[in-house]
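Text of protein-v3.cif, listed as mmCIF, C-alpha atoms:
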data_entry
loop_
_atom_site.label_atom_id
_atom_site.label_comp_id
_atom_site.auth_asym_id
_atom_site.auth_seq_id
_atom_site.Cartn_x
_atom_site.Cartn_y
_atom_site.Cartn_z
CA MET H 1 -38.07 287.42 153.00
CA LYS H 2 -39.79 288.98 149.99
CA LYS H 3 -39.24 287.22 146.66
CA VAL H 4 -40.47 287.97 143.16
CA ALA H 5 -40.62 286.01 139.92
CA LEU H 6 -37.82 286.87 137.48
CA GLY H 7 -39.99 287.05 134.38
CA ASN H 8 -40.89 283.63 133.03
CA THR H 9 -37.56 282.02 133.93
CA GLY H 10 -38.97 280.10 136.88
CA LEU H 11 -36.41 281.76 139.15
CA SER H 12 -37.68 283.40 142.32
CA ILE H 13 -35.40 286.18 143.55
CA ASN H 14 -35.03 288.69 146.30
CA PRO H 15 -35.40 292.02 144.44
CA LEU H 16 -32.10 293.15 145.96
CA VAL H 17 -29.44 291.58 143.74
CA PHE H 18 -25.87 291.67 145.05
CA GLY H 19 -23.68 293.38 142.46
CA THR H 20 -20.16 292.09 143.12
CA LEU H 21 -18.23 294.47 140.83
CA PRO H 22 -17.28 296.95 143.62
CA LEU H 23 -15.71 294.20 145.76
CA GLY H 24 -13.00 293.27 143.28
CA PRO H 25 -9.76 294.76 141.97
CA LEU H 26 -11.51 297.25 139.65
CA GLN H 27 -12.92 299.11 142.63
CA ALA H 28 -12.56 298.47 146.38
CA GLY H 29 -9.98 295.71 146.04
CA PHE H 30 -11.32 293.47 148.79
CA THR H 31 -9.52 290.17 149.23
CA PRO H 32 -11.60 287.07 148.39
CA GLU H 33 -11.89 286.41 152.12
CA GLU H 34 -13.13 289.94 152.87
CA GLY H 35 -15.53 290.00 149.95
CA GLY H 36 -16.65 286.46 150.65
CA ARG H 37 -17.61 287.31 154.21
CA LEU H 38 -19.72 290.23 153.00
CA ILE H 39 -21.47 288.18 150.30
CA ARG H 40 -22.11 285.39 152.81
CA TYR H 41 -23.67 287.89 155.21
CA ALA H 42 -26.01 289.07 152.46
CA LEU H 43 -26.98 285.50 151.59
CA GLU H 44 -27.74 284.74 155.22
CA GLN H 45 -30.02 287.80 155.36
CA GLY H 46 -32.05 286.62 152.37
CA VAL H 47 -30.30 287.89 149.24
CA ASN H 48 -30.31 285.01 146.75
CA MET H 49 -28.91 286.32 143.45
CA LEU H 50 -25.31 287.35 142.81
CA ASP H 51 -24.33 289.36 139.75
CA THR H 52 -20.78 289.05 138.44
CA ALA H 53 -18.90 288.94 135.13
CA GLU H 54 -15.70 287.61 133.61
CA LEU H 55 -14.50 291.21 133.60
CA TYR H 56 -15.08 291.79 137.32
CA GLN H 57 -12.58 289.23 138.67
CA THR H 58 -14.83 288.43 141.65
CA TYR H 59 -15.25 284.67 141.19
CA PRO H 60 -12.85 284.00 144.11
CA HIS H 61 -14.96 286.23 146.37
CA ILE H 62 -18.15 284.37 145.45
CA ARG H 63 -16.52 280.96 145.89
CA ALA H 64 -15.35 281.97 149.36
CA ALA H 65 -18.90 283.03 150.22
CA LEU H 66 -20.40 279.76 148.98
CA ASN H 67 -18.00 277.53 150.92
CA GLY H 68 -20.26 275.41 153.12
CA TYR H 69 -23.37 277.43 152.28
CA LYS H 70 -26.49 275.28 151.94
CA GLY H 71 -29.08 277.91 151.05
CA GLU H 72 -30.52 278.89 147.69
CA VAL H 73 -28.37 281.10 145.49
CA HIS H 74 -28.58 282.07 141.82
CA ILE H 75 -25.33 283.07 140.12
CA VAL H 76 -25.31 285.35 137.10
CA SER H 77 -22.27 286.07 134.95
CA LYS H 78 -21.50 287.92 131.71
CA THR H 79 -19.07 287.55 128.85
CA HIS H 80 -17.56 290.44 126.91
CA ALA H 81 -15.96 287.98 124.46
CA PRO H 82 -15.66 289.10 120.80
CA ASP H 83 -15.98 285.55 119.43
CA ARG H 84 -17.43 282.13 120.20
CA ALA H 85 -14.18 280.51 121.34
CA GLN H 86 -13.48 283.16 123.96
CA ALA H 87 -17.12 283.15 125.09
CA ARG H 88 -16.90 279.43 125.78
CA ALA H 89 -13.58 279.91 127.56
CA HIS H 90 -15.11 282.63 129.76
CA VAL H 91 -18.06 280.49 130.79
CA GLU H 92 -16.06 277.32 131.39
CA ARG H 93 -13.40 279.17 133.38
CA GLY H 94 -16.12 280.74 135.51
CA LEU H 95 -17.67 277.37 136.26
CA ARG H 96 -14.28 275.96 137.25
CA GLU H 97 -13.34 278.92 139.44
CA LEU H 98 -16.70 278.86 141.21
CA GLY H 99 -16.81 275.09 141.53
CA ILE H 100 -20.29 274.85 140.04
CA GLU H 101 -21.77 272.94 137.10
CA ARG H 102 -24.11 275.60 135.71
CA PHE H 103 -24.69 279.35 135.72
CA ASP H 104 -28.28 280.36 136.30
CA ILE H 105 -27.88 283.20 133.80
CA VAL H 106 -25.09 284.29 131.48
CA HIS H 107 -25.47 287.63 129.77
CA LEU H 108 -24.09 288.74 126.48
CA HIS H 109 -22.12 291.64 127.99
CA GLY H 110 -22.92 294.19 125.30
CA ALA H 111 -22.65 297.55 127.04
CA ARG H 112 -21.11 299.33 124.03
CA ILE H 113 -22.94 297.44 121.29
CA ALA H 114 -26.05 299.05 119.79
CA ASP H 115 -27.12 295.86 117.97
CA PRO H 116 -25.56 292.85 119.72
CA PHE H 117 -27.79 290.48 117.75
CA VAL H 118 -25.78 291.37 114.65
CA GLU H 119 -22.41 292.45 116.02
CA ARG H 120 -22.12 289.62 118.55
CA LYS H 121 -24.24 286.95 116.87
CA GLU H 122 -21.63 284.20 117.08
CA VAL H 123 -21.17 284.84 120.80
CA LEU H 124 -24.92 284.62 121.38
CA ASP H 125 -25.06 281.42 119.35
CA GLU H 126 -22.32 279.94 121.52
CA LEU H 127 -24.14 280.87 124.72
CA LEU H 128 -27.24 279.16 123.39
CA ARG H 129 -25.17 276.10 122.53
CA MET H 130 -23.83 275.99 126.10
CA LYS H 131 -27.40 276.26 127.34
CA GLU H 132 -28.20 273.11 125.38
CA GLU H 133 -25.17 271.47 127.02
CA GLY H 134 -26.49 272.34 130.49
CA LYS H 135 -23.76 274.84 131.38
CA ILE H 136 -26.18 277.80 131.32
CA ALA H 137 -29.79 277.77 132.46
CA HIS H 138 -30.88 281.07 130.89
CA VAL H 139 -29.26 283.42 128.37
CA GLY H 140 -29.49 287.17 128.92
CA LEU H 141 -28.44 290.53 127.56
CA SER H 142 -26.72 293.33 129.47
CA SER H 143 -26.55 296.74 127.79
CA HIS H 144 -26.41 300.51 128.18
CA TYR H 145 -28.28 300.96 124.86
CA ILE H 146 -32.02 301.55 124.55
CA SER H 147 -31.86 300.20 121.01
CA ALA H 148 -30.43 296.88 122.25
CA MET H 149 -33.19 296.59 124.85
CA ARG H 150 -35.83 297.32 122.21
CA LYS H 151 -34.43 294.62 119.93
CA ALA H 152 -34.36 292.12 122.80
CA VAL H 153 -38.17 292.16 123.00
CA SER H 154 -38.43 290.28 119.70
CA HIS H 155 -35.73 287.72 120.58
CA PRO H 156 -37.32 284.93 122.66
CA GLU H 157 -33.92 283.27 123.13
CA ILE H 158 -33.09 286.16 125.48
CA GLU H 159 -34.89 285.31 128.72
CA VAL H 160 -33.42 288.00 130.99
CA VAL H 161 -32.29 291.58 130.38
CA HIS H 162 -30.01 293.71 132.53
CA PRO H 163 -30.46 297.35 131.44
CA LEU H 164 -28.83 300.52 132.70
CA ILE H 165 -31.46 302.86 134.13
CA ASN H 166 -31.48 305.71 136.65
CA ARG H 167 -33.49 308.86 137.32
CA THR H 168 -31.19 311.12 135.31
CA GLY H 169 -30.44 308.74 132.45
CA MET H 170 -26.72 309.00 133.18
CA GLY H 171 -24.79 306.37 131.23
CA ILE H 172 -27.57 305.58 128.74
CA LEU H 173 -25.88 305.83 125.36
CA ASP H 174 -28.69 306.60 122.94
CA GLY H 175 -31.57 308.38 124.63
CA THR H 176 -33.35 309.29 127.83
CA ALA H 177 -34.35 307.55 131.04
CA LEU H 178 -37.98 307.67 129.90
CA GLU H 179 -37.13 305.90 126.63
CA MET H 180 -35.17 303.22 128.47
CA ALA H 181 -38.04 302.80 130.93
CA GLU H 182 -40.39 302.20 127.99
CA ALA H 183 -38.05 299.56 126.58
CA ILE H 184 -37.83 297.90 129.99
CA ALA H 185 -41.62 297.79 130.27
CA ALA H 186 -41.85 296.18 126.83
CA ASN H 187 -39.39 293.48 127.89
CA GLY H 188 -41.37 292.85 131.03
CA ARG H 189 -44.61 292.50 129.05
CA SER H 190 -42.89 289.98 126.76
CA GLY H 191 -42.17 287.74 129.76
CA LYS H 192 -38.48 288.46 130.14
CA GLY H 193 -36.93 288.80 133.55
CA VAL H 194 -35.61 292.31 134.16
CA TYR H 195 -33.14 293.37 136.79
CA ALA H 196 -31.66 296.82 136.47
CA MET H 197 -28.17 298.21 136.95
CA LYS H 198 -26.66 301.62 137.76
CA ALA H 199 -29.69 302.85 139.72
CA LEU H 200 -27.24 305.15 141.53
CA ALA H 201 -25.27 305.91 138.35
CA GLY H 202 -22.23 304.17 139.80
CA GLY H 203 -22.39 306.34 142.93
CA ASN H 204 -23.04 309.68 141.27
CA LEU H 205 -26.57 309.72 142.69
CA ILE H 206 -25.57 308.49 146.14
CA SER H 207 -26.72 311.74 147.79
CA GLU H 208 -30.27 310.85 146.64
CA ALA H 209 -29.93 307.09 146.99
CA ARG H 210 -33.35 306.37 148.49
CA ALA H 211 -35.26 308.31 145.86
CA SER H 212 -33.07 306.90 143.09
CA ILE H 213 -33.58 303.28 144.16
CA ARG H 214 -37.32 303.76 144.61
CA TYR H 215 -37.55 305.25 141.13
CA VAL H 216 -36.02 302.16 139.51
CA LEU H 217 -37.91 299.68 141.70
CA GLY H 218 -41.14 301.41 140.74
CA LEU H 219 -40.66 301.09 136.98
CA ASP H 220 -43.00 298.80 135.08
CA GLY H 221 -41.31 295.50 134.27
CA VAL H 222 -38.47 295.73 136.81
CA ASP H 223 -38.16 292.60 138.96
CA GLY H 224 -34.98 293.52 140.81
CA VAL H 225 -32.03 295.87 140.97
CA ALA H 226 -28.34 294.99 141.26
CA ILE H 227 -26.64 297.13 143.89
CA GLY H 228 -22.97 297.08 144.85
CA MET H 229 -22.53 296.94 148.62
CA LEU H 230 -19.36 297.29 150.65
CA SER H 231 -20.53 296.87 154.24
CA GLU H 232 -23.05 295.01 156.37
CA ALA H 233 -24.73 298.33 157.13
CA GLU H 234 -25.35 298.90 153.42
CA ILE H 235 -26.78 295.39 153.04
CA ASP H 236 -29.11 295.84 156.02
CA ALA H 237 -30.30 299.27 154.85
CA ASN H 238 -30.94 298.11 151.30
CA LEU H 239 -32.81 294.99 152.40
CA ALA H 240 -35.08 297.08 154.63
CA LEU H 241 -35.74 299.51 151.77
CA PHE H 242 -36.22 296.88 149.06
CA CYS H 243 -38.29 294.39 150.98
CA ASP H 244 -40.18 296.44 153.57
CA GLY H 245 -40.05 300.00 152.21
CA ILE H 246 -38.29 301.11 155.40
CA ALA H 247 -35.54 303.75 155.28
CA ASP H 248 -34.09 304.71 158.66
CA GLU H 249 -33.27 308.41 158.40
CA LYS H 250 -30.10 308.30 160.47
CA VAL H 251 -28.68 305.28 158.65
CA TRP H 252 -29.47 306.60 155.17
CA THR H 253 -28.18 310.08 155.94
CA GLY H 254 -24.83 308.48 156.69
CA LEU H 255 -24.89 306.30 153.59
CA GLU H 256 -25.91 309.17 151.33
CA SER H 257 -23.04 311.31 152.56
CA LYS H 258 -20.45 308.99 151.00
CA ARG H 259 -18.69 310.00 147.80
CA ARG H 260 -16.86 307.97 145.16
CA LYS H 261 -14.65 308.97 142.27
CA LEU H 262 -12.40 307.58 139.58
CA ARG H 263 -8.75 307.80 140.53
CA ILE H 264 -6.09 307.87 137.82
CA MET H 265 -2.49 307.79 139.03
CA THR H 266 -1.32 310.14 136.30
CA ARG H 267 2.30 309.96 137.43
CA PHE H 268 2.45 306.45 135.99
CA CYS H 269 0.10 306.94 133.00
CA LYS H 270 1.74 306.37 129.63
CA GLY H 271 -1.13 307.79 127.59
CA CYS H 272 -1.75 304.58 125.63
CA GLY H 273 -5.48 305.30 125.31
CA LYS H 274 -6.68 301.76 126.00
CA CYS H 275 -8.94 303.05 128.76
CA LEU H 276 -10.76 305.22 126.21
CA ASP H 277 -11.86 302.17 124.24
CA ALA H 278 -13.25 300.56 127.40
CA CYS H 279 -15.27 303.60 128.50
CA ALA H 280 -18.90 303.26 127.42
CA SER H 281 -19.69 306.81 128.54
CA SER H 282 -16.94 308.66 126.63
CA ALA H 283 -15.83 310.13 129.95
CA LEU H 284 -12.08 309.68 129.35
CA SER H 285 -9.59 311.52 127.18
CA VAL H 286 -5.83 311.73 126.84
CA VAL H 287 -4.47 315.23 127.33
CA ASP H 288 -0.76 316.02 127.19
CA GLY H 289 0.00 312.31 127.24
CA LYS H 290 -2.06 311.54 130.35
CA ALA H 291 -5.54 310.08 130.81
CA GLN H 292 -8.08 312.33 132.45
CA VAL H 293 -11.72 311.87 133.42
CA ASP H 294 -14.80 314.04 132.93
CA GLU H 295 -16.47 313.48 136.29
CA GLU H 296 -19.79 314.78 134.98
CA ALA H 297 -19.95 311.93 132.44
CA CYS H 298 -18.28 309.08 134.39
CA ILE H 299 -20.65 306.41 135.76
CA LEU H 300 -17.89 304.86 137.88
CA CYS H 301 -18.24 301.38 136.38
CA GLY H 302 -14.51 300.68 136.57
CA TYR H 303 -14.29 299.00 133.16
CA CYS H 304 -11.44 301.34 132.25
CA ALA H 305 -9.46 299.90 135.15
CA ALA H 306 -9.69 296.43 133.64
CA SER H 307 -8.25 297.70 130.36
CA CYS H 308 -5.33 299.66 131.83
CA PRO H 309 -2.04 297.80 131.23
CA GLU H 310 -0.38 299.82 134.00
CA PHE H 311 -3.08 299.03 136.62
CA ILE H 312 -3.28 302.68 137.66
CA ILE H 313 -7.07 303.30 137.49
CA ARG H 314 -9.53 302.47 140.24
CA VAL H 315 -12.90 303.60 141.57
CA VAL H 316 -12.40 304.71 145.18
#
The structure in this file should be written as structure tokens.
Amino acid sequence: MKKVALGNTGLSINPLVFGTLPLGPLQAGFTPEEGGRLIRYALEQGVNMLDTAELYQTYPHIRAALNGYKGEVHIVSKTHAPDRAQARAHVERGLRELGIERFDIVHLHGARIADPFVERKEVLDELLRMKEEGKIAHVGLSSHYISAMRKAVSHPEIEVVHPLINRTGMGILDGTALEMAEAIAANGRSGKGVYAMKALAGGNLISEARASIRYVLGLDGVDGVAIGMLSEAEIDANLALFCDGIADEKVWTGLESKRRKLRIMTRFCKGCGKCLDACASSALSVVDGKAQVDEEACILCGYCAASCPEFIIRVV
């Protein structure tokens, strides 16, 4: 199975990274057993890096997948903590829930932060402290901002970056896809590992999935791409595309016909506005006391679902 170096980290990864966000309660709502079986299938086919986050609530799914598994696997998490104490709590809870001693990578989850090195400095310092303690192997940065990716180049303590990039630039908060691609290339040249997110813009580009994935894989500096997958057929098709450049027309025609959307159960919405604060794309508003979504702007990340106190938002 094809593997590539993740920058200068020393990690060797399959370029297809399993993005676990869609498995959990923010999106498909798979049980840990269901999600675990799917992750385990991917691992057995050669995938060896799993992307998760404190926010995603998919640690139980990953732990189920790892039960009895003897192969190589790299686990990446993220913390959206606002301070050092909560950052430590996030990392230590993740280690306990997964039953592991160390994360291979933990990202400063800074999707909405233009300058995380200033606005989240104490969180970054705490992640670096936990690296010294052996709880984290490599510290990374995850962001939707070009400016954050540009700043990362001059911060050697950041060994891996996880930028948002797709053909249309959907979800990038401060510029174009070309500008983000340039920032990604600069990070790659600096020796940082780069694995991209939102190549399909959360599903908005699913009708052109093959072209969209190839675009991101072909960018200078990109080592891998995190893709959310909800079936064995998706795993098989993506592995063939990523590792061998093969895209069976019949299979991909079926996959590209699928559609996803953000569902808000407005009957139960109280109009509190907490989902607005969580939306990095400014795709939500409250109108007449009810939340509503601008489908043209929504990247279907599901972060709004995590913030909803009524649990009435989900990507379906």
Residues near range 250-259 of chain H, cut-off 10 Å, only C-alpha atoms, skip fewer than 4 positions along chain, as a PDB file with C-alpha atoms, in the frame of the given file:
ATOM      1  CA  GLY H 203     -22.390 306.340 142.930  1.00  0.00           C
ATOM      2  CA  ASN H 204     -23.040 309.680 141.270  1.00  0.00           C
ATOM      3  CA  LEU H 205     -26.570 309.720 142.690  1.00  0.00           C
ATOM      4  CA  ILE H 206     -25.570 308.490 146.140  1.00  0.00           C
ATOM      5  CA  SER H 207     -26.720 311.740 147.790  1.00  0.00           C
ATOM      6  CA  GLU H 208     -30.270 310.850 146.640  1.00  0.00           C
ATOM      7  CA  ALA H 209     -29.930 307.090 146.990  1.00  0.00           C
ATOM      8  CA  ARG H 210     -33.350 306.370 148.490  1.00  0.00           C
ATOM      9  CA  ALA H 233     -24.730 298.330 157.130  1.00  0.00           C
ATOM     10  CA  GLU H 234     -25.350 298.900 153.420  1.00  0.00           C
ATOM     11  CA  ASP H 236     -29.110 295.840 156.020  1.00  0.00           C
ATOM     12  CA  ALA H 237     -30.300 299.270 154.850  1.00  0.00           C
ATOM     13  CA  ASN H 238     -30.940 298.110 151.300  1.00  0.00           C
ATOM     14  CA  VAL H 316     -12.400 304.710 145.180  1.00  0.00           C
TER      15      VAL H 316
END
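Counting only C-alpha atoms, the residue from H:Thr176, H:Gly221, H:Gly169, H:Leu239 that sits nearest to Arg189 in chain H is H:Gly221.
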Inset, instruction - Run the PyMOL selection byres ((chain H and resi 15) around 7) on the file and write out the hits as a VMD selection string. - result: chain H and resid 3 to 4 13 to 14 16 to 17 223 to 225 242
Inset, instruction - Using the chain letters and numbers from the file, give me the residues hit by the PyMOL selection byres ((chain H and resi 152) around 10), as a PyMOL selection string. - result: chain H and resi 115-117+140-141+146-151+153-161+183-184+186-187+190+192
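Each of H:Glu33, H:Glu133, H:Glu182, H:Glu54 was checked against Ala89 in chain H using all atoms listed in the file; the smallest atom-to-atom distance is that of H:Glu54.
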